[in-house]
file target.cif (mmCIF, C-alpha atoms and all ligand atoms; chains and numbers go by the auth columns)
data_protein
#
loop_
_atom_site.group_PDB
_atom_site.id
_atom_site.type_symbol
_atom_site.label_atom_id
_atom_site.label_comp_id
_atom_site.label_asym_id
_atom_site.label_seq_id
_atom_site.Cartn_x
_atom_site.Cartn_y
_atom_site.Cartn_z
_atom_site.B_iso_or_equiv
_atom_site.auth_seq_id
_atom_site.auth_asym_id
ATOM 1 C CA MET A 1 39.774 129.904 214.318 0.00 1 X
ATOM 2 C CA THR A 2 43.462 129.843 213.450 0.00 2 X
ATOM 3 C CA GLU A 3 45.212 133.216 213.615 0.00 3 X
ATOM 4 C CA PRO A 4 46.754 134.243 210.286 0.00 4 X
ATOM 5 C CA HIS A 5 50.561 134.064 210.455 0.00 5 X
ATOM 6 C CA THR A 6 52.111 137.510 210.762 0.00 6 X
ATOM 7 C CA SER A 7 55.865 137.525 210.262 0.00 7 X
ATOM 8 C CA PRO A 8 57.815 140.129 212.277 0.00 8 X
ATOM 9 C CA SER A 9 58.447 142.143 209.111 0.00 9 X
ATOM 10 C CA ASP A 10 54.666 142.523 208.668 0.00 10 X
ATOM 11 C CA VAL A 11 54.374 144.324 212.011 0.00 11 X
ATOM 12 C CA SER A 12 54.679 148.048 211.367 0.00 12 X
ATOM 13 C CA THR A 13 56.354 149.424 214.498 0.00 13 X
ATOM 14 C CA PRO A 14 59.337 147.051 215.022 0.00 14 X
ATOM 15 C CA ALA A 15 60.803 147.866 211.590 0.00 15 X
ATOM 16 C CA HIS A 16 61.538 151.301 213.036 0.00 16 X
ATOM 17 C CA ALA A 17 62.448 150.114 216.510 0.00 17 X
ATOM 18 C CA THR A 18 65.613 151.387 218.168 0.00 18 X
ATOM 19 C CA PRO A 19 67.451 149.519 220.952 0.00 19 X
ATOM 20 C CA ARG A 20 65.724 151.789 223.477 0.00 20 X
ATOM 21 C CA ASP A 21 62.270 150.732 222.244 0.00 21 X
ATOM 22 C CA SER A 22 62.833 147.130 223.370 0.00 22 X
ATOM 23 C CA ALA A 23 65.043 147.821 226.429 0.00 23 X
ATOM 24 C CA ILE A 24 64.051 145.965 229.603 0.00 24 X
ATOM 25 C CA GLU A 25 64.808 146.818 233.233 0.00 25 X
ATOM 26 C CA MET A 26 64.119 144.285 236.001 0.00 26 X
ATOM 27 C CA ASN A 27 64.662 144.419 239.765 0.00 27 X
ATOM 28 C CA GLN A 28 64.914 141.339 241.986 0.00 28 X
ATOM 29 C CA LEU A 29 65.143 141.244 245.792 0.00 29 X
ATOM 30 C CA VAL A 30 67.599 138.530 246.857 0.00 30 X
ATOM 31 C CA LEU A 31 65.823 136.129 249.240 0.00 31 X
ATOM 32 C CA PRO A 32 67.339 133.292 251.310 0.00 32 X
ATOM 33 C CA THR A 33 66.002 130.817 248.705 0.00 33 X
ATOM 34 C CA HIS A 34 68.334 132.426 246.124 0.00 34 X
ATOM 35 C CA ALA A 35 71.445 132.055 248.317 0.00 35 X
ATOM 36 C CA ASN A 36 74.159 129.510 248.958 0.00 36 X
ATOM 37 C CA ALA A 37 75.606 128.540 252.374 0.00 37 X
ATOM 38 C CA LEU A 38 77.683 131.755 252.412 0.00 38 X
ATOM 39 C CA GLY A 39 74.535 133.888 252.180 0.00 39 X
ATOM 40 C CA THR A 40 75.456 135.117 248.720 0.00 40 X
ATOM 41 C CA VAL A 41 73.360 134.523 245.632 0.00 41 X
ATOM 42 C CA PHE A 42 73.912 131.426 243.437 0.00 42 X
ATOM 43 C CA GLY A 43 75.646 132.190 240.135 0.00 43 X
ATOM 44 C CA GLY A 44 73.006 130.093 238.380 0.00 44 X
ATOM 45 C CA GLN A 45 70.253 132.305 239.791 0.00 45 X
ATOM 46 C CA ILE A 46 71.917 135.418 238.346 0.00 46 X
ATOM 47 C CA MET A 47 72.278 133.595 235.022 0.00 47 X
ATOM 48 C CA ALA A 48 68.560 132.753 235.047 0.00 48 X
ATOM 49 C CA TRP A 49 67.608 136.384 235.705 0.00 49 X
ATOM 50 C CA ILE A 50 70.003 137.536 232.958 0.00 50 X
ATOM 51 C CA ASP A 51 68.447 135.026 230.534 0.00 51 X
ATOM 52 C CA ILE A 52 64.893 136.170 231.352 0.00 52 X
ATOM 53 C CA CYS A 53 65.698 139.885 231.135 0.00 53 X
ATOM 54 C CA ALA A 54 67.545 139.424 227.829 0.00 54 X
ATOM 55 C CA ALA A 55 64.822 137.177 226.374 0.00 55 X
ATOM 56 C CA LEU A 56 62.188 139.834 227.103 0.00 56 X
ATOM 57 C CA ALA A 57 64.226 142.449 225.206 0.00 57 X
ATOM 58 C CA ALA A 58 64.762 140.028 222.300 0.00 58 X
ATOM 59 C CA MET A 59 61.059 139.140 222.065 0.00 59 X
ATOM 60 C CA ARG A 60 60.006 142.771 222.450 0.00 60 X
ATOM 61 C CA HIS A 61 62.104 143.601 219.390 0.00 61 X
ATOM 62 C CA ALA A 62 61.414 140.464 217.352 0.00 62 X
ATOM 63 C CA ARG A 63 57.685 140.321 218.229 0.00 63 X
ATOM 64 C CA THR A 64 57.900 136.537 218.196 0.00 64 X
ATOM 65 C CA GLN A 65 59.180 133.718 220.406 0.00 65 X
ATOM 66 C CA CYS A 66 62.968 133.729 220.825 0.00 66 X
ATOM 67 C CA VAL A 67 65.243 131.007 222.201 0.00 67 X
ATOM 68 C CA THR A 68 68.661 131.428 223.762 0.00 68 X
ATOM 69 C CA ALA A 69 71.310 130.173 221.343 0.00 69 X
ATOM 70 C CA SER A 70 74.320 131.103 223.464 0.00 70 X
ATOM 71 C CA MET A 71 75.589 133.177 226.361 0.00 71 X
ATOM 72 C CA ASP A 72 79.137 134.542 226.170 0.00 72 X
ATOM 73 C CA ALA A 73 81.599 134.373 229.077 0.00 73 X
ATOM 74 C CA LEU A 74 80.163 135.661 232.336 0.00 74 X
ATOM 75 C CA ASP A 75 82.324 137.103 235.127 0.00 75 X
ATOM 76 C CA PHE A 76 80.853 137.657 238.592 0.00 76 X
ATOM 77 C CA ILE A 77 82.586 140.812 239.811 0.00 77 X
ATOM 78 C CA VAL A 78 81.265 141.188 243.389 0.00 78 X
ATOM 79 C CA PRO A 79 79.318 138.828 245.687 0.00 79 X
ATOM 80 C CA ILE A 80 75.627 139.697 246.043 0.00 80 X
ATOM 81 C CA GLN A 81 74.117 139.315 249.527 0.00 81 X
ATOM 82 C CA VAL A 82 70.669 138.271 250.752 0.00 82 X
ATOM 83 C CA GLY A 83 68.646 141.497 251.117 0.00 83 X
ATOM 84 C CA ASP A 84 70.394 143.184 248.185 0.00 84 X
ATOM 85 C CA VAL A 85 68.429 144.351 245.165 0.00 85 X
ATOM 86 C CA VAL A 86 69.676 143.093 241.804 0.00 86 X
ATOM 87 C CA ASN A 87 69.018 145.489 238.934 0.00 87 X
ATOM 88 C CA LEU A 88 69.240 144.097 235.387 0.00 88 X
ATOM 89 C CA ARG A 89 69.113 146.160 232.200 0.00 89 X
ATOM 90 C CA ALA A 90 68.936 144.501 228.799 0.00 90 X
ATOM 91 C CA MET A 91 69.220 146.071 225.357 0.00 91 X
ATOM 92 C CA VAL A 92 69.350 144.670 221.820 0.00 92 X
ATOM 93 C CA ASN A 93 72.798 145.560 220.428 0.00 93 X
ATOM 94 C CA TYR A 94 72.706 143.906 217.033 0.00 94 X
ATOM 95 C CA VAL A 95 70.276 142.142 214.729 0.00 95 X
ATOM 96 C CA GLY A 96 71.354 139.544 212.165 0.00 96 X
ATOM 97 C CA ARG A 97 68.962 137.737 209.856 0.00 97 X
ATOM 98 C CA THR A 98 67.243 135.549 212.449 0.00 98 X
ATOM 99 C CA SER A 99 69.407 136.199 215.507 0.00 99 X
ATOM 100 C CA LEU A 100 69.854 139.093 217.921 0.00 100 X
ATOM 101 C CA GLU A 101 72.605 139.962 220.376 0.00 101 X
ATOM 102 C CA VAL A 102 71.338 141.322 223.687 0.00 102 X
ATOM 103 C CA GLY A 103 73.636 142.906 226.267 0.00 103 X
ATOM 104 C CA VAL A 104 72.729 142.767 229.961 0.00 104 X
ATOM 105 C CA ARG A 105 74.289 144.870 232.715 0.00 105 X
ATOM 106 C CA VAL A 106 73.748 143.648 236.270 0.00 106 X
ATOM 107 C CA GLU A 107 74.119 145.950 239.265 0.00 107 X
ATOM 108 C CA ALA A 108 73.446 145.041 242.881 0.00 108 X
ATOM 109 C CA GLY A 109 73.391 146.787 246.209 0.00 109 X
ATOM 110 C CA ASP A 110 71.828 147.386 249.571 0.00 110 X
ATOM 111 C CA PRO A 111 68.631 149.408 249.017 0.00 111 X
ATOM 112 C CA ILE A 112 68.694 150.785 252.583 0.00 112 X
ATOM 113 C CA ALA A 113 72.309 151.958 252.483 0.00 113 X
ATOM 114 C CA GLY A 114 71.756 153.092 248.889 0.00 114 X
ATOM 115 C CA SER A 115 74.866 151.295 247.632 0.00 115 X
ATOM 116 C CA ARG A 116 75.033 149.949 244.064 0.00 116 X
ATOM 117 C CA HIS A 117 77.879 148.110 242.317 0.00 117 X
ATOM 118 C CA HIS A 118 78.469 146.656 238.882 0.00 118 X
ATOM 119 C CA ALA A 119 78.079 142.912 239.510 0.00 119 X
ATOM 120 C CA ALA A 120 78.198 141.292 236.053 0.00 120 X
ATOM 121 C CA SER A 121 77.727 141.877 232.341 0.00 121 X
ATOM 122 C CA ALA A 122 76.728 139.386 229.695 0.00 122 X
ATOM 123 C CA TYR A 123 76.066 139.121 225.976 0.00 123 X
ATOM 124 C CA LEU A 124 73.478 136.612 224.807 0.00 124 X
ATOM 125 C CA THR A 125 72.402 135.524 221.355 0.00 125 X
ATOM 126 C CA PHE A 126 68.744 134.712 220.731 0.00 126 X
ATOM 127 C CA VAL A 127 67.179 133.188 217.654 0.00 127 X
ATOM 128 C CA ALA A 128 63.652 134.220 216.649 0.00 128 X
ATOM 129 C CA LEU A 129 61.319 131.337 215.864 0.00 129 X
ATOM 130 C CA GLY A 130 58.282 131.300 213.619 0.00 130 X
ATOM 131 C CA PRO A 131 55.093 129.277 214.189 0.00 131 X
ATOM 132 C CA ASP A 132 56.892 126.262 212.658 0.00 132 X
ATOM 133 C CA LYS A 133 59.550 126.577 215.462 0.00 133 X
ATOM 134 C CA ARG A 134 62.203 127.279 212.800 0.00 134 X
ATOM 135 C CA PRO A 135 64.395 130.420 212.715 0.00 135 X
ATOM 136 C CA THR A 136 62.533 133.370 211.227 0.00 136 X
ATOM 137 C CA ALA A 137 63.632 136.833 210.078 0.00 137 X
ATOM 138 C CA VAL A 138 63.948 139.581 212.677 0.00 138 X
ATOM 139 C CA PRO A 139 63.008 143.206 211.912 0.00 139 X
ATOM 140 C CA PRO A 140 66.013 145.502 211.434 0.00 140 X
ATOM 141 C CA LEU A 141 67.293 147.646 214.266 0.00 141 X
ATOM 142 C CA ARG A 142 67.263 151.414 213.787 0.00 142 X
ATOM 143 C CA LEU A 143 70.476 152.853 215.163 0.00 143 X
ATOM 144 C CA GLY A 144 69.668 156.425 216.114 0.00 144 X
ATOM 145 C CA THR A 145 72.651 157.543 218.185 0.00 145 X
ATOM 146 C CA PRO A 146 76.443 157.273 217.773 0.00 146 X
ATOM 147 C CA GLU A 147 76.499 155.108 220.922 0.00 147 X
ATOM 148 C CA GLU A 148 73.952 152.694 219.430 0.00 148 X
ATOM 149 C CA ARG A 149 75.989 152.487 216.223 0.00 149 X
ATOM 150 C CA LEU A 150 79.173 151.783 218.216 0.00 150 X
ATOM 151 C CA ARG A 151 77.411 149.073 220.270 0.00 151 X
ATOM 152 C CA SER A 152 76.162 147.474 217.065 0.00 152 X
ATOM 153 C CA GLU A 153 79.629 147.509 215.451 0.00 153 X
ATOM 154 C CA GLU A 154 81.153 145.939 218.575 0.00 154 X
ATOM 155 C CA ALA A 155 78.363 143.350 218.663 0.00 155 X
ATOM 156 C CA HIS A 156 78.997 142.495 215.008 0.00 156 X
ATOM 157 C CA ALA A 157 82.685 141.870 215.795 0.00 157 X
ATOM 158 C CA ARG A 158 81.683 139.661 218.749 0.00 158 X
ATOM 159 C CA ARG A 159 79.283 137.734 216.494 0.00 159 X
ATOM 160 C CA GLU A 160 82.107 136.937 214.048 0.00 160 X
ATOM 161 C CA GLN A 161 84.327 135.690 216.918 0.00 161 X
ATOM 162 C CA ARG A 162 81.446 133.738 218.485 0.00 162 X
ATOM 163 C CA LEU A 163 80.533 131.935 215.272 0.00 163 X
ATOM 164 C CA ALA A 164 84.201 131.152 214.544 0.00 164 X
ATOM 165 C CA LEU A 165 84.600 129.722 218.059 0.00 165 X
ATOM 166 C CA ALA A 166 81.385 127.692 217.736 0.00 166 X
ATOM 167 C CA ALA A 167 82.632 126.268 214.394 0.00 167 X
ATOM 168 C CA ALA A 168 86.023 125.421 215.961 0.00 168 X
ATOM 169 C CA ARG A 169 84.268 123.684 218.886 0.00 169 X
ATOM 170 C CA ARG A 170 82.124 121.658 216.477 0.00 170 X
ATOM 171 C CA ALA A 171 85.248 120.617 214.507 0.00 171 X
ATOM 172 C CA LEU A 172 86.993 119.610 217.744 0.00 172 X
ATOM 173 C CA HIS A 173 83.996 117.546 218.897 0.00 173 X
ATOM 174 C CA LEU A 174 83.879 115.858 215.495 0.00 174 X
ATOM 175 C CA SER A 175 87.587 114.952 215.511 0.00 175 X
ATOM 176 C CA HIS A 176 87.274 113.779 219.143 0.00 176 X
ATOM 177 C CA HIS A 177 84.295 111.629 218.166 0.00 177 X
ATOM 178 C CA LEU A 178 86.284 110.115 215.292 0.00 178 X
ATOM 179 C CA ARG A 179 89.123 109.212 217.726 0.00 179 X
ATOM 180 C CA GLU A 180 86.754 107.601 220.303 0.00 180 X
ATOM 181 C CA PRO A 181 87.490 103.855 220.645 0.00 181 X
ATOM 182 C CA GLN A 182 84.728 102.071 218.736 0.00 182 X
ATOM 183 C CA PRO A 183 82.995 98.996 220.205 0.00 183 X
ATOM 184 C CA ALA A 184 83.984 95.617 218.694 0.00 184 X
ATOM 185 C CA GLY A 185 82.458 95.049 215.261 0.00 185 X
ATOM 186 C CA HIS A 186 82.507 98.793 214.365 0.00 186 X
ATOM 187 C CA GLY A 187 85.416 98.643 211.917 0.00 187 X
ATOM 188 C CA VAL A 188 88.383 98.629 214.366 0.00 188 X
ATOM 189 C CA SER A 189 90.288 95.336 214.107 0.00 189 X
ATOM 190 C CA SER A 190 91.440 93.720 217.357 0.00 190 X
ATOM 191 C CA SER A 191 95.100 94.126 216.303 0.00 191 X
ATOM 192 C CA ALA A 192 94.571 97.924 215.975 0.00 192 X
ATOM 193 C CA ALA A 193 92.860 98.268 219.360 0.00 193 X
ATOM 194 C CA PRO A 194 94.823 99.678 222.325 0.00 194 X
ATOM 195 C CA LYS A 195 96.692 96.918 224.217 0.00 195 X
ATOM 196 C CA ASP A 196 96.104 98.204 227.817 0.00 196 X
HETATM 197 C C1 LIG B . 69.287 128.183 218.291 0.00 201 X
HETATM 198 C C2 LIG B . 68.729 127.255 217.214 0.00 201 X
HETATM 199 C C3 LIG B . 67.258 127.612 216.946 0.00 201 X
HETATM 200 C C4 LIG B . 69.545 127.497 215.925 0.00 201 X
HETATM 201 O O1 LIG B . 69.065 126.589 214.965 0.00 201 X
HETATM 202 P P1 LIG B . 69.886 126.320 213.618 0.00 201 X
HETATM 203 O O2 LIG B . 69.141 125.306 212.834 0.00 201 X
HETATM 204 O O3 LIG B . 71.321 126.087 213.950 0.00 201 X
HETATM 205 O O4 LIG B . 69.696 127.700 212.889 0.00 201 X
HETATM 206 P P2 LIG B . 70.576 128.369 211.771 0.00 201 X
HETATM 207 O O5 LIG B . 71.815 127.596 211.419 0.00 201 X
HETATM 208 O O6 LIG B . 69.620 128.724 210.670 0.00 201 X
HETATM 209 O O7 LIG B . 71.047 129.715 212.488 0.00 201 X
HETATM 210 C C5 LIG B . 70.084 130.656 212.885 0.00 201 X
HETATM 211 C C6 LIG B . 70.799 131.853 213.484 0.00 201 X
HETATM 212 O O8 LIG B . 71.343 131.476 214.745 0.00 201 X
HETATM 213 C C7 LIG B . 72.707 131.820 214.796 0.00 201 X
HETATM 214 N N1 LIG B . 73.329 130.827 215.663 0.00 201 X
HETATM 215 C C8 LIG B . 73.198 129.471 215.565 0.00 201 X
HETATM 216 N N2 LIG B . 73.892 128.886 216.560 0.00 201 X
HETATM 217 C C9 LIG B . 74.462 129.877 217.273 0.00 201 X
HETATM 218 C C10 LIG B . 75.297 129.912 218.423 0.00 201 X
HETATM 219 N N3 LIG B . 75.695 128.793 219.040 0.00 201 X
HETATM 220 N N4 LIG B . 75.679 131.109 218.899 0.00 201 X
HETATM 221 C C11 LIG B . 75.297 132.230 218.306 0.00 201 X
HETATM 222 N N5 LIG B . 74.488 132.283 217.211 0.00 201 X
HETATM 223 C C12 LIG B . 74.094 131.115 216.710 0.00 201 X
HETATM 224 C C13 LIG B . 73.171 131.782 213.362 0.00 201 X
HETATM 225 O O9 LIG B . 74.339 132.564 213.171 0.00 201 X
HETATM 226 C C14 LIG B . 71.973 132.367 212.649 0.00 201 X
HETATM 227 O O10 LIG B . 71.990 133.786 212.804 0.00 201 X
HETATM 228 P P3 LIG B . 71.540 134.790 211.596 0.00 201 X
HETATM 229 O O11 LIG B . 70.269 134.248 210.987 0.00 201 X
HETATM 230 O O12 LIG B . 71.292 136.094 212.282 0.00 201 X
HETATM 231 O O13 LIG B . 72.667 134.841 210.617 0.00 201 X
HETATM 232 C C15 LIG B . 68.835 125.743 217.604 0.00 201 X
HETATM 233 O O14 LIG B . 70.197 125.404 217.750 0.00 201 X
HETATM 234 C C16 LIG B . 68.090 125.452 218.898 0.00 201 X
HETATM 235 O O15 LIG B . 66.877 125.274 218.888 0.00 201 X
HETATM 236 N N6 LIG B . 68.813 125.390 220.037 0.00 201 X
HETATM 237 C C17 LIG B . 68.178 125.177 221.333 0.00 201 X
HETATM 238 C C18 LIG B . 67.685 126.514 221.900 0.00 201 X
HETATM 239 C C19 LIG B . 67.141 126.351 223.299 0.00 201 X
HETATM 240 O O16 LIG B . 66.392 125.455 223.578 0.00 201 X
HETATM 241 N N7 LIG B . 67.511 127.274 224.178 0.00 201 X
HETATM 242 C C20 LIG B . 67.064 127.273 225.528 0.00 201 X
HETATM 243 C C21 LIG B . 68.180 126.948 226.469 0.00 201 X
HETATM 244 S S1 LIG B . 68.448 125.228 226.659 0.00 201 X
#
call {"tool": "encode", "arguments": {"input": "target.cif", "output": "structure tokens", "more": "lines below"}}
Ligand SMILES: CC(C)(COP(=O)(O)OP(=O)(O)OC[C@H]1O[C@@H](n2cnc3c(N)ncnc32)[C@H](O)[C@@H]1OP(=O)(O)O)[C@@H](O)C(=O)NCCC(=O)NCCS
result
Amino acid sequence: MTEPHTSPSDVSTPAHATPRDSAIEMNQLVLPTHANALGTVFGGQIMAWIDICAALAAMRHARTQCVTASMDALDFIVPIQVGDVVNLRAMVNYVGRTSLEVGVRVEAGDPIAGSRHHAASAYLTFVALGPDKRPTAVPPLRLGTPEERLRSEEAHARREQRLALAAARRALHLSHHLREPQPAGHGVSSSAAPKD
């Protein structure tokens, strides 16, 4: 029997969900398989853990499948060694119509020495998908504390910058594509083609 489609807005609890309700914390022990020749963890491995942690927070809020639309700039602050524990904490900062911004803070350290350092932070945008695999509406986020409201305002400003940058990149790709030398017979006469 086919399950009736329930859109996220039909689910009672998420409409009242705060960022804390969908927050995710993950711990990963760094093994030799995660490391490069220097014995420090691959950047791509950290990115994968960030993506997973953030996706879980997004889906916990949206109550539907979410895909990563973008990840903002990521700076690796300290090297992370084999044997360290990587702690990741993800929280939904902002909800648009079908998209969500999730912030992830990564800390790492030696569990025996008890050390712990800020290793990276990232902001990711996810888009919620319905059963038709098309973007679907996300339940609103209830902002209970002044800190949550501030995070949401900052996330909204980042969203505006992100979308403007994405539009500028698309325009640049388009103009680059238009300047690409076209193969013979595609409207560029031989006299107009570059000589060398
Ligand atoms: C993300 C994706 C679903 C967006 O599809 P789309 O047809 O462009 O959707 P829309 O134009 O309706 O935009 C949907 C939302 O995504 C946001 N969005 C789209 N592209 C974005 C980007 N590059 N960065 C941030 N947000 C983006 C829009 O602002 C909109 O948000 P809103 O509804 O909250 O206002 C589509 O590009 C996709 O499927 N990408 C591949 C995702 C994937 O496979 N990820 C795994 C890693 S490879």
call {"tool": "closest_residue", "arguments": {"input": "target.cif", "among": "X:Ala69, X:Val102, X:Leu150, X:Leu174", "to": "ligand LIG 201 (chain X)", "atoms": "all atoms listed in the file"}}
result
X:Ala69
call {"tool": "atom_distance", "arguments": {"input": "target.cif", "atom1": "atom CA of X:Gln45", "atom2": "atom CA of X:Leu88"}}
result
12.6 Å
call {"tool": "resolve_selection", "arguments": {"input": "target.cif", "expression": "the PyMOL selection byres (((not hetatm)) within 12 of (chain X and resi 201))", "output": "ChimeraX atom specification"}}
result
/X:47-48,51-52,55,62,65-72,94-102,123-130,132-140,155-156,158-170
call {"tool": "atom_distance", "arguments": {"input": "target.cif", "atom1": "atom CA of X:Glu154", "atom2": "atom CA of X:Glu25"}}
result
22.0 Å
call {"tool": "closest_residue", "arguments": {"input": "target.cif", "among": "X:Thr40, X:Thr64, X:Asn93, X:Thr18", "to": "X:Ala157", "atoms": "only C-alpha atoms"}}
result
X:Asn93
call {"tool": "atom_distance", "arguments": {"input": "target.cif", "atom1": "atom CA of X:Val78", "atom2": "atom CA of X:Gly109"}}
result
10.1 Å
call {"tool": "residues_around", "arguments": {"input": "target.cif", "residues": "X:Leu74", "least_positions_apart": "4", "cutoff": "12 Å", "atoms": "only C-alpha atoms", "output": "short mmCIF file (atom, residue, chain, number, x, y, z; two decimals) with C-alpha atoms, in the frame of the given file"}}
result
data_model
loop_
_atom_site.label_atom_id
_atom_site.label_comp_id
_atom_site.auth_asym_id
_atom_site.auth_seq_id
_atom_site.Cartn_x
_atom_site.Cartn_y
_atom_site.Cartn_z
CA GLY X 43 75.65 132.19 240.14
CA GLY X 44 73.01 130.09 238.38
CA ILE X 46 71.92 135.42 238.35
CA MET X 47 72.28 133.60 235.02
CA ILE X 50 70.00 137.54 232.96
CA ASP X 51 68.45 135.03 230.53
CA SER X 70 74.32 131.10 223.46
CA GLY X 103 73.64 142.91 226.27
CA VAL X 104 72.73 142.77 229.96
CA ARG X 105 74.29 144.87 232.72
CA VAL X 106 73.75 143.65 236.27
CA ALA X 119 78.08 142.91 239.51
CA ALA X 120 78.20 141.29 236.05
CA SER X 121 77.73 141.88 232.34
CA ALA X 122 76.73 139.39 229.70
CA TYR X 123 76.07 139.12 225.98
CA LEU X 124 73.48 136.61 224.81
#
call {"tool": "closest_residue", "arguments": {"input": "target.cif", "among": "X:Arg151, X:Arg116, X:His34, X:His16", "to": "X:Trp49", "atoms": "all atoms listed in the file"}}
result
X:His34
call {"tool": "closest_residue", "arguments": {"input": "target.cif", "among": "X:Gly83, X:Pro146, X:Ser115, X:Arg63", "to": "X:Ala17", "atoms": "only C-alpha atoms"}}
result
X:Arg63
call {"tool": "residues_near_point", "arguments": {"input": "target.cif", "point": "(63.9, 137.4, 250.7)", "cutoff": "12 Å", "atoms": "all atoms listed in the file", "output": "VMD selection string"}}
result
chain X and resid 28 to 35 39 to 41 81 to 85
call {"tool": "axis_aligned_box", "arguments": {"input": "target.cif", "around": "stretch 70-88 of chain X", "padding_each_side": "3 Å", "output": "JSON"}}
result
{"center_x": 75.5, "center_y": 138.3, "center_z": 237.3, "size_x": 20.2, "size_y": 20.4, "size_z": 33.7}
call {"tool": "closest_residue", "arguments": {"input": "target.cif", "among": "X:Ala90, X:Asp75, X:Ala37, X:Phe42", "to": "X:Ala57", "atoms": "only C-alpha atoms"}}
result
X:Ala90
call {"tool": "closest_residue", "arguments": {"input": "target.cif", "among": "X:Glu148, X:Ile24, X:Phe76, X:Leu172", "to": "X:Arg89", "atoms": "all atoms listed in the file"}}
result
X:Ile24
